[in-house]
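Dumped model_36.pdb below, it's PDB, C-alpha atoms:
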ATOM      1  CA  MET U   1      99.047  70.261  79.918  1.00  0.00           C
ATOM      2  CA  ASN U   2      95.327  69.747  79.939  1.00  0.00           C
ATOM      3  CA  TRP U   3      93.959  72.880  81.604  1.00  0.00           C
ATOM      4  CA  ALA U   4      90.344  72.677  82.702  1.00  0.00           C
ATOM      5  CA  SER U   5      87.923  74.818  80.747  1.00  0.00           C
ATOM      6  CA  THR U   6      86.596  76.377  83.940  1.00  0.00           C
ATOM      7  CA  GLY U   7      88.385  79.186  85.674  1.00  0.00           C
ATOM      8  CA  HIS U   8      87.831  80.894  88.969  1.00  0.00           C
ATOM      9  CA  LEU U   9      87.521  84.635  89.550  1.00  0.00           C
ATOM     10  CA  SER U  10      87.901  86.032  93.044  1.00  0.00           C
ATOM     11  CA  SER U  11      87.861  89.592  94.251  1.00  0.00           C
ATOM     12  CA  LYS U  12      88.462  91.157  97.636  1.00  0.00           C
ATOM     13  CA  ILE U  13      88.265  94.515  99.367  1.00  0.00           C
ATOM     14  CA  GLU U  14      90.277  94.869 102.556  1.00  0.00           C
ATOM     15  CA  SER U  15      90.529  97.941 104.748  1.00  0.00           C
ATOM     16  CA  ARG U  16      92.853  98.401 107.719  1.00  0.00           C
ATOM     17  CA  GLN U  17      92.353 100.806 110.586  1.00  0.00           C
ATOM     18  CA  VAL U  18      93.879 101.119 114.034  1.00  0.00           C
ATOM     19  CA  LEU U  19      91.703 101.744 117.069  1.00  0.00           C
ATOM     20  CA  LYS U  20      93.571 102.972 120.123  1.00  0.00           C
ATOM     21  CA  GLY U  21      92.521 102.124 123.648  1.00  0.00           C
ATOM     22  CA  THR U  22      92.396 105.674 124.938  1.00  0.00           C
ATOM     23  CA  VAL U  23      90.289 108.359 123.317  1.00  0.00           C
ATOM     24  CA  SER U  24      90.553 111.961 124.434  1.00  0.00           C
ATOM     25  CA  ASN U  25      88.284 114.916 123.732  1.00  0.00           C
ATOM     26  CA  GLU U  26      90.891 116.593 121.524  1.00  0.00           C
ATOM     27  CA  PRO U  27      89.750 116.859 117.867  1.00  0.00           C
ATOM     28  CA  ASP U  28      92.962 115.388 116.420  1.00  0.00           C
ATOM     29  CA  ASN U  29      93.101 112.439 118.853  1.00  0.00           C
ATOM     30  CA  SER U  30      89.993 110.395 118.073  1.00  0.00           C
ATOM     31  CA  GLY U  31      91.622 107.026 118.747  1.00  0.00           C
ATOM     32  CA  TYR U  32      91.140 106.037 115.089  1.00  0.00           C
ATOM     33  CA  ASP U  33      93.841 105.875 112.412  1.00  0.00           C
ATOM     34  CA  TYR U  34      93.254 104.899 108.782  1.00  0.00           C
ATOM     35  CA  ILE U  35      96.060 102.700 107.423  1.00  0.00           C
ATOM     36  CA  LEU U  36      95.123 101.476 103.921  1.00  0.00           C
ATOM     37  CA  THR U  37      92.529  99.910 101.618  1.00  0.00           C
ATOM     38  CA  ASP U  38      93.248  97.091  99.135  1.00  0.00           C
ATOM     39  CA  PHE U  39      91.161  96.212  96.065  1.00  0.00           C
ATOM     40  CA  SER U  40      92.219  92.975  94.368  1.00  0.00           C
ATOM     41  CA  ALA U  41      91.028  90.590  91.660  1.00  0.00           C
ATOM     42  CA  LEU U  42      92.540  87.202  90.790  1.00  0.00           C
ATOM     43  CA  VAL U  43      91.763  84.784  87.939  1.00  0.00           C
ATOM     44  CA  SER U  44      92.937  81.177  88.344  1.00  0.00           C
ATOM     45  CA  MET U  45      92.691  77.960  86.338  1.00  0.00           C
ATOM     46  CA  LYS U  46      93.204  74.361  87.486  1.00  0.00           C
ATOM     47  CA  ASN U  47      95.123  71.589  85.761  1.00  0.00           C
ATOM     48  CA  ASN U  48      93.591  68.144  86.467  1.00  0.00           C
ATOM     49  CA  GLY U  49      92.462  69.260  89.938  1.00  0.00           C
ATOM     50  CA  LYS U  50      96.032  69.203  91.282  1.00  0.00           C
ATOM     51  CA  ASN U  51      97.761  72.359  90.151  1.00  0.00           C
ATOM     52  CA  SER U  52      96.493  75.880  89.584  1.00  0.00           C
ATOM     53  CA  PHE U  53      97.910  79.035  88.107  1.00  0.00           C
ATOM     54  CA  GLY U  54      96.514  82.493  88.671  1.00  0.00           C
ATOM     55  CA  PHE U  55      97.179  86.092  87.854  1.00  0.00           C
ATOM     56  CA  GLY U  56      95.606  89.319  89.010  1.00  0.00           C
ATOM     57  CA  TYR U  57      95.835  92.940  90.014  1.00  0.00           C
ATOM     58  CA  LEU U  58      95.945  94.774  93.346  1.00  0.00           C
ATOM     59  CA  LEU U  59      95.291  98.462  93.961  1.00  0.00           C
ATOM     60  CA  ARG U  60      96.430  99.696  97.385  1.00  0.00           C
ATOM     61  CA  LEU U  61      95.236 103.106  98.578  1.00  0.00           C
ATOM     62  CA  GLU U  62      97.197 104.698 101.385  1.00  0.00           C
ATOM     63  CA  GLU U  63      97.074 108.251 102.755  1.00  0.00           C
ATOM     64  CA  ASN U  64      97.994 110.266  99.620  1.00  0.00           C
ATOM     65  CA  LYS U  65      99.098 107.585  97.185  1.00  0.00           C
ATOM     66  CA  ALA U  66      97.949 104.640  95.111  1.00  0.00           C
ATOM     67  CA  ILE U  67     100.161 101.576  94.616  1.00  0.00           C
ATOM     68  CA  HIS U  68      99.505  99.242  91.656  1.00  0.00           C
ATOM     69  CA  ARG U  69     100.696  95.616  91.767  1.00  0.00           C
ATOM     70  CA  LEU U  70     100.467  92.618  89.468  1.00  0.00           C
ATOM     71  CA  ILE U  71      99.933  89.243  91.150  1.00  0.00           C
ATOM     72  CA  GLN U  72     101.147  85.840  89.936  1.00  0.00           C
ATOM     73  CA  GLN U  73     100.109  82.767  91.926  1.00  0.00           C
ATOM     74  CA  ILE U  74     101.017  79.082  91.579  1.00  0.00           C
ATOM     75  CA  LYS U  75      99.529  76.271  93.713  1.00  0.00           C
ATOM     76  CA  PHE U  76     100.263  72.560  93.598  1.00  0.00           C
ATOM     77  CA  LYS U  77      99.419  69.517  95.702  1.00  0.00           C
ATOM     78  CA  VAL U  78     102.068  67.233  97.133  1.00  0.00           C
ATOM     79  CA  LEU U  79     101.109  63.617  97.922  1.00  0.00           C
ATOM     80  CA  MET U  80      97.391  64.595  97.904  1.00  0.00           C
ATOM     81  CA  VAL U  81      97.595  65.750 101.540  1.00  0.00           C
ATOM     82  CA  MET U  82      99.470  69.043 101.383  1.00  0.00           C
ATOM     83  CA  GLN U  83      98.972  72.101  99.186  1.00  0.00           C
ATOM     84  CA  ILE U  84     101.847  74.488  98.510  1.00  0.00           C
ATOM     85  CA  GLY U  85     101.261  77.960  97.141  1.00  0.00           C
ATOM     86  CA  ILE U  86     103.664  80.581  95.838  1.00  0.00           C
ATOM     87  CA  GLN U  87     102.570  84.159  95.222  1.00  0.00           C
ATOM     88  CA  TYR U  88     104.591  86.941  93.607  1.00  0.00           C
ATOM     89  CA  MET U  89     103.648  90.619  93.554  1.00  0.00           C
ATOM     90  CA  PHE U  90     105.260  93.091  91.187  1.00  0.00           C
ATOM     91  CA  ASN U  91     105.015  96.828  91.851  1.00  0.00           C
ATOM     92  CA  LEU U  92     104.011  98.891  88.842  1.00  0.00           C
ATOM     93  CA  GLY U  93     105.085 102.166  90.438  1.00  0.00           C
ATOM     94  CA  ARG U  94     103.481 104.779  92.634  1.00  0.00           C
ATOM     95  CA  GLN U  95     100.989 107.345  91.568  1.00  0.00           C
ATOM     96  CA  TRP U  96     100.010 110.283  93.709  1.00  0.00           C
ATOM     97  CA  ILE U  97      96.311 110.982  94.042  1.00  0.00           C
TER      98      ILE U  97
END

Using structure tokens, write down the structure that the file contains.
Amino acid sequence: MNWASTGHLSSKIESRQVLKGTVSNEPDNSGYDYILTDFSALVSMKNNGKNSFGFGYLLRLEENKAIHRLIQQIKFKVLMVMQIGIQYMFNLGRQWI
């Protein structure tokens, strides 16, 4: 395989919250719930502009825990009109904060 000498690095921060329609004056019912925050980074390399392979890391922060995951990603083009991607995530275990 002739892998291109240029790679691509992407990173992302994603946070999820839930906003409820009704908000009361009670201190524990603000209408806002924190769900999680994801921090991820992915490095990918292309082969002749058709196929790419990537690997990365994801850190997910939830209420009282951190989840670590490894990411493996494969993309390839079919008939130059459709791109198919496969992504695997492997849990590395849970660690309490």

The PyMOL selection byres ((chain U and resi 69-74) around 12) - which residues does that actually catch in the file I just gave you? List them as a PyMOL selection string. chain U and resi 38-47+50-61+66-68+75-77+83-95

Report the distance between atom CA of Asp33 of chain U and atom CA of Gln17 of chain U in Å, rounded to one decimal place.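 Those two atoms sit 5.6 Å apart.
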
Point-to-point distance in Å for atom CA of Thr37 of chain U and atom CA of Leu9 of chain U: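 Between atom CA of Leu9 of chain U and atom CA of Thr37 of chain U the gap is 20.1 Å.
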
Could you list, as a PyMOL selection string, every residue matched by the PyMOL selection byres ((chain U and resi 34) around 12) in this structure? chain U and resi 15-20+30-33+35-37+61-64
